[in-house]
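Colleague: See upload33.cif below, with mmCIF, C-alpha atoms.
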```cif
data_final
#
loop_
_atom_site.label_atom_id
_atom_site.label_comp_id
_atom_site.auth_asym_id
_atom_site.auth_seq_id
_atom_site.Cartn_x
_atom_site.Cartn_y
_atom_site.Cartn_z
CA MET A 569 60.73 316.02 121.74
CA ALA A 570 63.84 315.79 119.62
CA MET A 571 67.17 315.78 121.43
CA THR A 572 69.70 318.54 120.94
CA GLU A 573 73.10 317.85 119.40
CA GLN A 574 74.63 318.32 122.82
CA GLU A 575 72.32 315.76 124.40
CA ILE A 576 73.11 313.19 121.72
CA LEU A 577 76.83 313.90 122.09
CA GLU A 578 76.66 313.35 125.84
CA GLY A 579 74.69 310.14 125.37
CA LEU A 580 77.21 308.90 122.81
CA GLY A 581 80.05 309.75 125.17
CA GLU A 582 78.51 307.55 127.87
CA ILE A 583 77.98 304.69 125.41
CA ILE A 584 81.51 304.84 124.00
CA ASP A 585 82.99 304.99 127.49
CA GLU A 586 81.06 301.86 128.44
CA VAL A 587 81.63 299.90 125.24
CA ALA A 588 85.20 300.82 124.38
CA GLY A 589 86.60 302.40 127.55
CA VAL A 590 87.23 305.73 125.84
CA PRO A 591 86.65 308.58 128.36
CA ALA A 592 83.53 310.56 127.45
CA ASP A 593 85.42 313.89 127.35
CA GLN A 594 87.48 312.61 124.42
CA VAL A 595 84.33 311.98 122.40
CA THR A 596 84.01 315.21 120.41
CA PRO A 597 82.12 315.68 117.11
CA ASP A 598 85.20 315.88 114.88
CA LYS A 599 86.73 312.59 116.07
CA THR A 600 86.80 309.59 113.74
CA PHE A 601 85.94 306.25 115.33
CA VAL A 602 88.66 304.14 113.74
CA ASP A 603 91.65 306.48 113.63
CA ASP A 604 91.06 308.85 116.57
CA LEU A 605 89.16 306.69 119.06
CA ASP A 606 90.60 303.27 118.08
CA ILE A 607 87.13 301.73 117.77
CA ASP A 608 86.77 298.73 115.46
CA SER A 609 83.76 297.47 113.50
CA LEU A 610 82.58 295.11 116.26
CA SER A 611 82.59 297.92 118.82
CA MET A 612 80.68 300.04 116.30
CA VAL A 613 77.97 297.36 116.29
CA GLU A 614 77.86 297.48 120.10
CA ILE A 615 77.60 301.26 119.95
CA ALA A 616 74.72 300.96 117.45
CA VAL A 617 72.90 298.50 119.73
CA ALA A 618 73.36 300.78 122.74
CA ALA A 619 72.33 303.83 120.68
CA GLN A 620 69.10 302.07 119.77
CA ASP A 621 68.33 301.53 123.47
CA LYS A 622 69.26 305.10 124.41
CA PHE A 623 67.93 307.13 121.46
CA GLY A 624 65.31 304.76 120.02
CA VAL A 625 67.00 304.99 116.62
CA GLU A 626 68.01 301.85 114.74
CA ILE A 627 71.27 302.02 112.80
CA PRO A 628 71.40 298.98 110.47
CA ASP A 629 74.75 297.39 109.56
CA ASP A 630 74.65 298.73 105.99
CA GLN A 631 74.27 302.30 107.29
CA LEU A 632 76.74 301.83 110.13
CA LYS A 633 79.74 301.45 107.84
CA ASP A 634 79.17 304.98 106.47
CA LEU A 635 79.28 306.62 109.90
CA LYS A 636 82.94 307.62 110.22
CA THR A 637 82.88 310.42 112.78
CA VAL A 638 81.01 311.21 115.98
CA GLN A 639 79.26 314.02 114.11
CA ASP A 640 78.05 311.48 111.49
CA VAL A 641 76.25 309.54 114.25
CA ILE A 642 74.78 312.71 115.75
CA ASP A 643 73.46 313.71 112.30
CA TYR A 644 72.07 310.23 111.69
CA VAL A 645 70.19 310.21 115.01
CA ARG A 646 68.80 313.70 114.41
CA ARG A 647 67.66 312.84 110.87
CA ALA A 648 66.00 309.66 112.08
CA GLU A 649 64.21 311.58 114.84
CA VAL A 650 62.87 314.12 112.34
CA SER A 651 61.57 311.44 109.98
CA ALA A 652 60.07 309.34 112.80
CA MET B 1427 46.94 254.64 131.50
CA ARG B 1428 49.65 254.97 134.14
CA LEU B 1429 52.43 257.56 134.24
CA THR B 1430 55.98 257.09 135.44
CA GLU B 1431 56.81 258.26 138.91
CA GLY B 1432 59.22 261.16 138.76
CA GLN B 1433 61.74 262.86 140.99
CA ALA B 1434 61.44 266.10 142.91
CA GLY B 1435 64.33 267.66 141.06
CA ALA B 1436 67.37 266.96 138.92
CA ARG B 1437 70.98 267.98 139.38
CA VAL B 1438 74.31 267.69 137.66
CA LEU B 1439 76.46 265.10 139.43
CA ALA B 1440 79.68 265.71 137.50
CA PHE B 1441 81.19 267.35 134.44
CA GLY B 1442 83.97 266.12 132.18
CA GLY B 1443 85.82 267.61 129.25
CA TYR B 1444 88.09 266.43 126.46
CA GLN B 1445 90.33 268.31 124.05
CA PRO B 1446 92.24 266.74 121.18
CA ALA B 1447 96.03 266.82 121.51
CA ARG B 1448 96.93 268.99 118.54
CA VAL B 1449 97.32 272.70 119.33
CA VAL B 1450 96.96 275.10 116.40
CA THR B 1451 98.33 278.57 117.14
CA ASN B 1452 97.45 281.82 115.41
CA ASP B 1453 100.95 281.99 114.03
CA GLU B 1454 100.46 278.62 112.37
CA LEU B 1455 97.23 279.84 110.71
CA SER B 1456 98.94 283.02 109.55
CA LYS B 1457 101.22 280.88 107.39
CA THR B 1458 98.30 279.60 105.31
CA VAL B 1459 95.76 282.45 105.38
CA ASP B 1460 96.16 286.23 105.38
CA THR B 1461 95.80 286.95 109.11
CA ASN B 1462 97.97 287.46 112.19
CA ASP B 1463 98.06 286.78 115.91
CA GLU B 1464 97.27 290.36 116.96
CA TRP B 1465 94.23 290.61 114.68
CA ILE B 1466 92.78 287.26 115.79
CA ARG B 1467 93.29 288.02 119.48
CA SER B 1468 91.67 291.46 119.20
CA ARG B 1469 88.70 290.35 117.09
CA VAL B 1470 87.79 286.94 118.53
CA GLY B 1471 90.04 286.59 121.59
CA ILE B 1472 91.54 283.26 120.56
CA ALA B 1473 95.25 282.52 121.13
CA SER B 1474 95.17 278.85 120.12
CA ARG B 1475 92.66 276.11 119.46
CA ARG B 1476 92.62 272.29 119.46
CA ILE B 1477 92.01 270.29 116.31
CA ALA B 1478 91.22 266.58 116.23
CA ALA B 1479 93.43 264.12 114.41
CA PRO B 1480 92.19 263.09 110.94
CA ASP B 1481 91.04 259.71 112.24
CA GLU B 1482 89.64 261.03 115.54
CA THR B 1483 85.83 261.20 115.36
CA VAL B 1484 83.08 263.06 117.18
CA THR B 1485 82.24 259.74 118.83
CA ASP B 1486 85.85 259.28 120.00
CA MET B 1487 85.83 262.71 121.67
CA ALA B 1488 82.35 262.16 123.13
CA VAL B 1489 83.49 258.87 124.68
CA GLN B 1490 86.48 260.59 126.31
CA ALA B 1491 84.41 263.40 127.83
CA GLY B 1492 81.52 261.11 128.75
CA GLY B 1493 83.85 258.63 130.43
CA LYS B 1494 85.33 261.39 132.59
CA ALA B 1495 81.92 262.70 133.64
CA LEU B 1496 80.76 259.16 134.46
CA ALA B 1497 83.89 258.49 136.54
CA GLY B 1498 83.47 261.81 138.35
CA SER B 1499 79.85 261.10 139.19
CA GLY B 1500 80.61 257.94 141.14
CA LEU B 1501 77.94 256.08 139.18
CA SER B 1502 78.58 253.00 137.11
CA ALA B 1503 77.62 252.54 133.47
CA GLY B 1504 74.69 250.39 134.57
CA ASP B 1505 73.12 253.36 136.39
CA VAL B 1506 72.74 255.37 133.17
CA ASP B 1507 69.61 254.74 131.10
CA LEU B 1508 69.58 257.69 128.71
CA VAL B 1509 72.36 259.17 126.54
CA ILE B 1510 71.89 262.45 124.69
CA VAL B 1511 74.60 263.80 122.41
CA ALA B 1512 74.33 267.39 121.21
CA THR B 1513 76.26 267.73 117.98
CA CYS B 1514 75.95 269.38 114.60
CA THR B 1515 79.01 267.68 113.13
CA PRO B 1516 78.50 263.88 113.22
CA GLU B 1517 80.53 262.06 110.57
CA VAL B 1518 77.46 260.14 109.42
CA GLN B 1519 73.72 260.59 109.76
CA ILE B 1520 73.09 257.05 110.98
CA PRO B 1521 73.77 255.44 113.33
CA ASN B 1522 73.62 258.30 115.80
CA VAL B 1523 76.58 259.19 118.00
CA ALA B 1524 74.72 258.53 121.26
CA ALA B 1525 74.20 254.79 120.73
CA SER B 1526 77.86 254.30 119.73
CA VAL B 1527 79.06 256.25 122.76
CA ALA B 1528 76.84 254.19 125.04
CA ARG B 1529 78.21 250.92 123.64
CA ARG B 1530 81.82 252.02 124.09
CA LEU B 1531 81.19 253.16 127.67
CA GLY B 1532 79.43 249.91 128.56
CA ILE B 1533 76.03 251.54 128.99
CA VAL B 1534 73.63 248.77 128.02
CA ALA B 1535 70.39 249.49 126.14
CA PRO B 1536 69.87 253.13 127.12
CA GLY B 1537 67.57 255.53 125.33
CA ALA B 1538 69.99 257.20 122.93
CA TYR B 1539 69.59 260.15 120.61
CA ASP B 1540 71.50 263.01 119.04
CA LEU B 1541 70.23 266.54 119.17
CA ASN B 1542 71.11 269.44 116.89
CA ALA B 1543 70.57 272.94 118.23
CA ALA B 1544 73.98 274.04 116.96
CA CYS B 1545 75.99 275.90 119.62
CA ALA B 1546 72.96 275.91 121.95
CA GLY B 1547 72.84 272.11 121.85
CA PHE B 1548 74.30 271.34 125.26
CA CYS B 1549 71.79 273.55 127.10
CA TYR B 1550 68.93 271.97 125.12
CA ALA B 1551 70.21 268.49 125.98
CA LEU B 1552 70.67 269.40 129.64
CA ALA B 1553 67.06 270.62 129.78
CA ASN B 1554 65.84 267.39 128.16
CA ALA B 1555 67.87 265.37 130.66
CA ALA B 1556 66.54 267.28 133.68
CA ASP B 1557 62.96 266.84 132.44
CA ALA B 1558 63.51 263.12 131.85
CA VAL B 1559 64.73 262.66 135.42
CA ARG B 1560 61.91 264.74 136.87
CA THR B 1561 59.24 262.83 134.96
CA GLY B 1562 60.82 259.46 135.67
CA THR B 1563 61.47 258.54 132.04
CA ALA B 1564 65.16 258.20 132.99
CA ARG B 1565 67.05 257.64 136.24
CA ASN B 1566 70.43 259.04 135.25
CA VAL B 1567 71.37 260.70 132.00
CA LEU B 1568 74.68 261.15 130.23
CA VAL B 1569 74.61 264.46 128.36
CA ILE B 1570 77.40 265.25 125.92
CA GLY B 1571 78.27 268.11 123.60
CA ALA B 1572 80.83 266.98 121.02
CA GLU B 1573 82.00 268.59 117.81
CA LYS B 1574 84.54 268.19 115.06
CA LEU B 1575 84.00 271.55 113.38
CA SER B 1576 87.38 271.32 111.69
CA GLN B 1577 85.86 269.03 109.06
CA TRP B 1578 83.26 271.67 108.14
CA VAL B 1579 85.64 274.62 107.96
CA ASP B 1580 87.21 276.01 104.81
CA TRP B 1581 90.85 276.29 105.92
CA THR B 1582 91.44 278.99 103.30
CA ASP B 1583 88.62 281.20 104.69
CA ARG B 1584 90.16 283.49 107.27
CA ALA B 1585 86.74 284.61 108.52
CA THR B 1586 85.91 281.17 109.91
CA CYS B 1587 89.04 279.01 110.16
CA ILE B 1588 90.42 281.19 112.96
CA ILE B 1589 87.30 280.60 115.09
CA PHE B 1590 86.06 277.03 114.99
CA ALA B 1591 87.68 274.07 116.74
CA ASP B 1592 87.13 270.56 118.10
CA GLY B 1593 86.36 269.10 121.51
CA ALA B 1594 83.79 267.55 123.81
CA GLY B 1595 82.20 268.17 127.19
CA ALA B 1596 79.82 266.05 129.22
CA ALA B 1597 77.65 265.96 132.31
CA ILE B 1598 75.90 263.26 134.31
CA VAL B 1599 72.39 264.30 135.35
CA GLY B 1600 70.53 262.49 138.09
CA PRO B 1601 67.94 263.08 140.81
CA VAL B 1602 68.60 265.30 143.82
CA ALA B 1603 70.06 263.29 146.70
CA ASP B 1604 67.02 263.85 148.90
CA ALA B 1605 63.51 264.75 147.75
CA SER B 1606 63.56 267.77 150.04
CA ASP B 1607 66.76 269.15 148.42
CA ALA B 1608 66.47 272.17 146.16
CA PRO B 1609 66.71 271.23 142.47
CA GLY B 1610 70.17 271.61 140.95
CA ILE B 1611 69.02 272.45 137.43
CA GLY B 1612 66.72 275.43 137.01
CA PRO B 1613 63.98 275.84 134.39
CA VAL B 1614 65.33 276.33 130.89
CA HIS B 1615 64.50 279.47 128.97
CA TRP B 1616 64.81 278.53 125.32
CA GLY B 1617 63.70 279.55 121.88
CA SER B 1618 64.82 280.30 118.37
CA ASP B 1619 64.67 282.99 115.70
CA GLY B 1620 64.36 281.41 112.28
CA ASP B 1621 64.34 284.82 110.60
CA LEU B 1622 68.10 284.82 111.14
CA ALA B 1623 68.69 281.27 109.89
CA ASP B 1624 70.66 282.66 106.92
CA LYS B 1625 73.28 284.25 109.20
CA ILE B 1626 75.12 281.00 110.05
CA TYR B 1627 74.70 277.94 107.88
CA ILE B 1628 76.24 275.08 105.94
CA ALA B 1629 74.55 275.11 102.52
CA ASP B 1630 74.87 271.40 101.71
CA ARG B 1631 76.96 268.33 102.50
CA ASN B 1632 79.82 269.54 100.31
CA SER B 1633 79.94 273.06 101.75
CA PHE B 1634 81.66 274.72 104.67
CA ILE B 1635 80.39 276.87 107.53
CA PHE B 1636 79.31 280.33 106.42
CA GLN B 1637 78.85 283.05 109.00
CA GLU B 1638 77.78 286.67 108.59
CA GLY B 1639 79.90 287.82 111.50
CA GLN B 1640 78.61 291.33 112.00
CA ALA B 1641 74.94 290.33 111.94
CA VAL B 1642 75.60 287.51 114.40
CA PHE B 1643 77.54 289.87 116.65
CA ARG B 1644 74.66 292.33 116.62
CA TRP B 1645 72.12 289.65 117.52
CA THR B 1646 74.25 288.20 120.31
CA THR B 1647 74.98 291.56 121.89
CA SER B 1648 71.35 292.73 121.78
CA ALA B 1649 69.11 289.66 122.17
CA LEU B 1650 70.93 287.45 124.65
CA VAL B 1651 71.07 289.47 127.86
CA PRO B 1652 67.24 289.48 128.26
CA ILE B 1653 67.28 285.70 127.60
CA ALA B 1654 69.93 285.14 130.27
CA LEU B 1655 68.04 287.29 132.75
CA LYS B 1656 64.82 285.39 132.03
CA ALA B 1657 66.53 282.11 132.96
CA CYS B 1658 67.63 283.67 136.26
CA GLU B 1659 64.10 284.93 136.90
CA LYS B 1660 62.58 281.51 136.18
CA ALA B 1661 65.00 279.92 138.64
CA GLY B 1662 64.39 282.59 141.28
CA VAL B 1663 68.08 283.42 141.34
CA ASP B 1664 69.21 287.03 141.23
CA PRO B 1665 72.17 287.65 138.87
CA THR B 1666 74.09 289.08 141.83
CA GLU B 1667 73.96 285.58 143.41
CA LEU B 1668 75.74 283.95 140.47
CA ALA B 1669 79.23 282.61 141.17
CA ALA B 1670 79.89 281.80 137.53
CA PHE B 1671 78.64 282.69 134.07
CA ILE B 1672 79.38 280.23 131.31
CA PRO B 1673 78.11 281.50 127.97
CA HIS B 1674 78.82 279.57 124.79
CA GLN B 1675 82.40 280.39 123.82
CA ALA B 1676 81.58 281.96 120.46
CA ASN B 1677 83.92 284.92 120.51
CA LEU B 1678 85.56 286.59 123.52
CA ARG B 1679 84.13 289.95 122.44
CA ILE B 1680 80.60 288.49 122.60
CA VAL B 1681 81.31 286.88 125.98
CA GLU B 1682 82.59 290.18 127.38
CA ALA B 1683 79.77 292.26 125.91
CA ILE B 1684 77.10 290.03 127.46
CA ALA B 1685 78.92 289.77 130.79
CA ARG B 1686 79.21 293.56 131.01
CA LYS B 1687 75.43 293.95 130.80
CA LEU B 1688 74.39 290.96 132.90
CA GLY B 1689 74.65 292.60 136.32
CA ALA B 1690 76.46 289.66 137.91
CA PRO B 1691 79.49 291.28 139.58
CA GLN B 1692 80.44 288.19 141.62
CA ALA B 1693 80.40 285.81 138.67
CA VAL B 1694 83.59 284.34 137.24
CA VAL B 1695 83.11 284.59 133.48
CA ALA B 1696 84.25 281.65 131.36
CA GLN B 1697 87.00 282.60 128.91
CA ASP B 1698 87.88 279.12 127.74
CA ILE B 1699 87.76 280.24 124.10
CA VAL B 1700 91.23 281.74 124.48
CA HIS B 1701 92.82 278.27 124.34
CA ALA B 1702 89.94 276.12 123.10
CA GLY B 1703 88.46 278.11 120.20
CA ASN B 1704 84.75 277.91 119.44
CA THR B 1705 83.73 274.28 119.93
CA SER B 1706 79.98 274.83 119.44
CA SER B 1707 77.89 272.51 121.63
CA ALA B 1708 81.00 271.32 123.51
CA SER B 1709 82.09 274.75 124.69
CA ILE B 1710 79.94 275.16 127.82
CA PRO B 1711 80.63 271.80 129.55
CA LEU B 1712 84.25 271.96 128.40
CA ALA B 1713 84.69 275.44 129.87
CA LEU B 1714 82.93 274.61 133.12
CA SER B 1715 84.81 271.35 133.66
CA ARG B 1716 88.11 273.20 133.23
CA MET B 1717 87.02 275.99 135.58
CA MET B 1718 86.13 273.36 138.19
CA GLU B 1719 89.51 271.63 137.73
CA ARG B 1720 91.26 274.95 138.35
CA GLY B 1721 89.14 275.58 141.46
CA GLU B 1722 87.57 278.75 140.04
CA VAL B 1723 84.01 277.76 140.97
CA ALA B 1724 82.99 276.22 144.26
CA SER B 1725 80.79 273.17 144.59
CA GLY B 1726 77.27 274.19 145.56
CA SER B 1727 77.51 277.65 143.99
CA LYS B 1728 75.16 278.90 141.26
CA ALA B 1729 76.24 279.09 137.63
CA LEU B 1730 74.35 280.46 134.64
CA LEU B 1731 74.72 278.59 131.36
CA LEU B 1732 73.81 280.34 128.09
CA GLY B 1733 73.89 278.51 124.77
CA PHE B 1734 73.25 280.24 121.45
CA GLY B 1735 73.98 279.56 117.82
CA ALA B 1736 72.77 278.85 114.31
CA GLY B 1737 69.05 278.89 113.92
CA MET B 1738 69.28 281.18 115.85
CA CYS B 1739 68.66 278.71 118.68
CA TYR B 1740 69.19 279.72 122.29
CA ALA B 1741 68.77 278.16 125.73
CA ALA B 1742 69.78 279.24 129.22
CA GLN B 1743 69.48 277.75 132.68
CA VAL B 1744 70.89 278.21 136.16
CA ILE B 1745 72.55 275.18 137.70
CA THR B 1746 74.15 274.29 140.99
CA VAL B 1747 77.81 273.44 140.46
CA PRO B 1748 78.40 269.80 141.50
#
```
Any chance you could put this one into structure tokens?

Modeller:
Amino acid sequence: MAMTEQEILEGLGEIIDEVAGVPADQVTPDKTFVDDLDIDSLSMVEIAVAAQDKFGVEIPDDQLKDLKTVQDVIDYVRRAEVSA
Amino acid sequence: MRLTEGQAGARVLAFGGYQPARVVTNDELSKTVDTNDEWIRSRVGIASRRIAAPDETVTDMAVQAGGKALAGSGLSAGDVDLVIVATCTPEVQIPNVAASVARRLGIVAPGAYDLNAACAGFCYALANAADAVRTGTARNVLVIGAEKLSQWVDWTDRATCIIFADGAGAAIVGPVADASDAPGIGPVHWGSDGDLADKIYIADRNSFIFQEGQAVFRWTTSALVPIALKACEKAGVDPTELAAFIPHQANLRIVEAIARKLGAPQAVVAQDIVHAGNTSSASIPLALSRMMERGEVASGSKALLLGFGAGMCYAAQVITVP
């Protein structure tokens, strides 16, 4: 069954806390990774790897660079789930 | 046909490391390429690296490290009958580095070969050495990782010149002291993934190292933890028992990402890259020898070694610290 936006957001919060040390409650949909959460491209790769384990959705490097906000990742995971 | 009589188990008797004298700081690099200290530290975790003198060769560095390991082992040159040098940067294709090192250390007529598994080379060579001792094809083995990556780096390419460096590390491998002793070198877990061979390469003899950093980072942070855990499983050592974890010093971010997921809370994690740079096959023995010198790992404790690099070749094994 597809996850809700809230479930993906919570999962992402856990991942970002673990990878980058950003508290999960600061991970809200409108935040940008680079400017708001201070997450660089290498941490984004780690987040993508962890997201694959957690959500079963692969985010390739060429797609990853277009995901600027937390909401972008949520949308990507939901789209991938629908097409799977 | 008869077979050689082997030994119950192999162990590392001593480690030794060598770094060239010249220190190259991030500030120095920022004068010639568009980069800065803060960026390099945050992206690769390197503060400074060592670069060999123009006339200092891979063989020179290998002799230095090998000589230290030999001295530390208490053996004499005559006790060593196999020399393996892991390197991907020899100055010439023939003769190999191993035979020249042996001659300069006074090791007479040993088996001698070089091995190229890129940054995984030392762990491959250590596995070969342990097997040679166990099967009786060698009594004592000098294993060296030595690299002069500076001669394969484009010093105007800020993506690579900030990372790669020069150095050597070595180990003496011999039989366990008593046949009833537990082996000191666990089974290797090794392999390769040729599908990713285009992610790190040198195109031809006139080219420099090319690395697709993000793809390599993704592979290292996803593929390597299961490989490391498999080596622990093969050795029958739980990660919580590890006193030290010495992954190849590729990038501090990679080291930290793997360590975070390993489940080895007691393990001191090697961070030698901060002042050594990425020295490919030399990085693991160099890091461990320096950790031992500083008293960070106790003799008799368990350490996990994890080599990985171009190919993508990988190898991991648990050892007992000499």

Colleague: Could you check which of A:Glu586, A:Asp593, A:Asp634, A:Asp598 is closest to chain B, using all atoms listed in the file?

Modeller: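 Smallest separation from chain B among the options: A:Glu586.
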
Colleague: Return the neighbours of chain A among the residues of chain B, cut-off 7 Å, counting all atoms listed in the file, as a list in words.

Modeller: Gln1640, Arg1644, Thr1647 and Ser1648 of chain B

Colleague: Provide the CA of Val1523 in chain B to CA of Ala1535 in chain B distance in Å, to one decimal place.

Modeller: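 We find that CA of Val1523 in chain B and CA of Ala1535 in chain B lie 14.1 Å from each other.
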
Colleague: Name the residues captured by the PyMOL selection byres ((chain B and resi 1621) around 12) when it is applied to the shown file; answer as a PyMOL selection string.

Modeller: chain B and resi 1618-1620+1622-1626+1645+1736-1739

Colleague: Select, counting all atoms listed in the file, all protein, DNA and RNA residues no farther than 12 Å from (69.3, 312.0, 113.3) in file coordinates, and express the selection as a list in words.

Modeller: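 Residues satisfying the cut-off, written out: Ala570, Met571, Thr572, Glu573, Ile576, Leu577, Ala619, Gln620, Phe623, Gly624, Val625, Glu626, Ile627, Leu635, Gln639, Asp640, Val641, Ile642, Asp643, Tyr644, Val645, Arg646, Arg647, Ala648, Glu649, Val650, Ser651 and Ala652 of chain A.
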
Colleague: I'd like the interatomic distance between CA of Leu1575 in chain B and CA of Ala1558 in chain B, to a tenth of an Å.

Modeller: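 Between CA of Leu1575 in chain B and CA of Ala1558 in chain B the gap is 28.8 Å.
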
Colleague: Take the PyMOL selection byres ((chain B and resi 1613) around 10), run it mentally on this structure, and tell me the resulting residues as an MDAnalysis selection string.

Modeller: chainID B and resid 1553 1556:1557 1609:1612 1614:1616 1656:1662 1742:1745

Colleague: What is the CA of Ala1544 in chain B to CA of Arg1448 in chain B distance in Å?

Modeller: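 Value for the CA of Ala1544 in chain B-CA of Arg1448 in chain B distance: 23.6 Å.
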
Colleague: Carefully work through the PyMOL selection byres ((chain B and resi 1686) around 12) for this structure and note down the residues it includes, as a list in words.

Modeller: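 On this input, the PyMOL selection byres ((chain B and resi 1686) around 12) captures Glu586, Val587, Ala588 and Glu614 of chain A; Thr1647, Val1651, Phe1671, Arg1679, Ile1680, Val1681, Glu1682, Ala1683, Ile1684, Ala1685, Lys1687, Leu1688, Gly1689, Ala1690, Pro1691, Gln1692, Ala1693, Val1694 and Val1695 of chain B.
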
Colleague: Calculated over all atoms listed in the file, which of the candidates B:Ala1594, B:Val1509, B:Ala1629, B:Val1700 has the smallest distance to Asp1540 in chain B?

Modeller: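 Ranked by minimum distance to Asp1540 in chain B, first place goes to B:Val1509.
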
Colleague: So that I can check the surroundings of Val590 in chain A, please list as a list in words every protein, DNA and RNA residue that reaches within 10 Å of it, counting all atoms listed in the file and ignoring chain neighbours fewer than 5 positions away.

Modeller: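 Returned residues: Gly581, Glu582, Ile583, Ile584, Asp585, Val595, Leu605, Asp606 and Ile607 of chain A.
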
Colleague: Excluding same-chain residues fewer than 2 positions from Ile1598 in chain B, what lies within 8 Å of it counting only C-alpha atoms, as a list in words?

Modeller: Val1438, Leu1439, Ala1440, Phe1441, Ala1495, Leu1496, Ser1499, Asn1566, Val1567, Leu1568, Val1569, Ala1596 and Gly1600 of chain B

Colleague: Choose the residue, out of A:Asp604, A:Thr596, A:Lys622, A:Gln631, that has the smallest atom-to-atom separation from Gly579 in chain A; count only C-alpha atoms.

Modeller: A:Lys622

Colleague: Which one is closest to Val1599 in chain B: B:Thr1430, B:Gln1519, B:Thr1666, B:Asn1554? Count all atoms listed in the file.

Modeller: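 Looking at the shortest contact to Val1599 in chain B, the residue is B:Asn1554.
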
Colleague: Might you pull out every residue within 7 Å of Thr600 in chain A, with only C-alpha atoms counted and same-chain residues fewer than 5 positions away left off, and present them as a VMD selection string?

Modeller: chain A and resid 605 636 to 638

Colleague: Filtering to C-alpha atoms, could you give me those residues as a short mmCIF file (atom, residue, chain, number, x, y, z; two decimals), keeping the file's coordinate frame?

Modeller:
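Result file selection37.cif:
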```cif
data_model
loop_
_atom_site.label_atom_id
_atom_site.label_comp_id
_atom_site.auth_asym_id
_atom_site.auth_seq_id
_atom_site.Cartn_x
_atom_site.Cartn_y
_atom_site.Cartn_z
CA LEU A 605 89.16 306.69 119.06
CA LYS A 636 82.94 307.62 110.22
CA THR A 637 82.88 310.42 112.78
CA VAL A 638 81.01 311.21 115.98
#
```
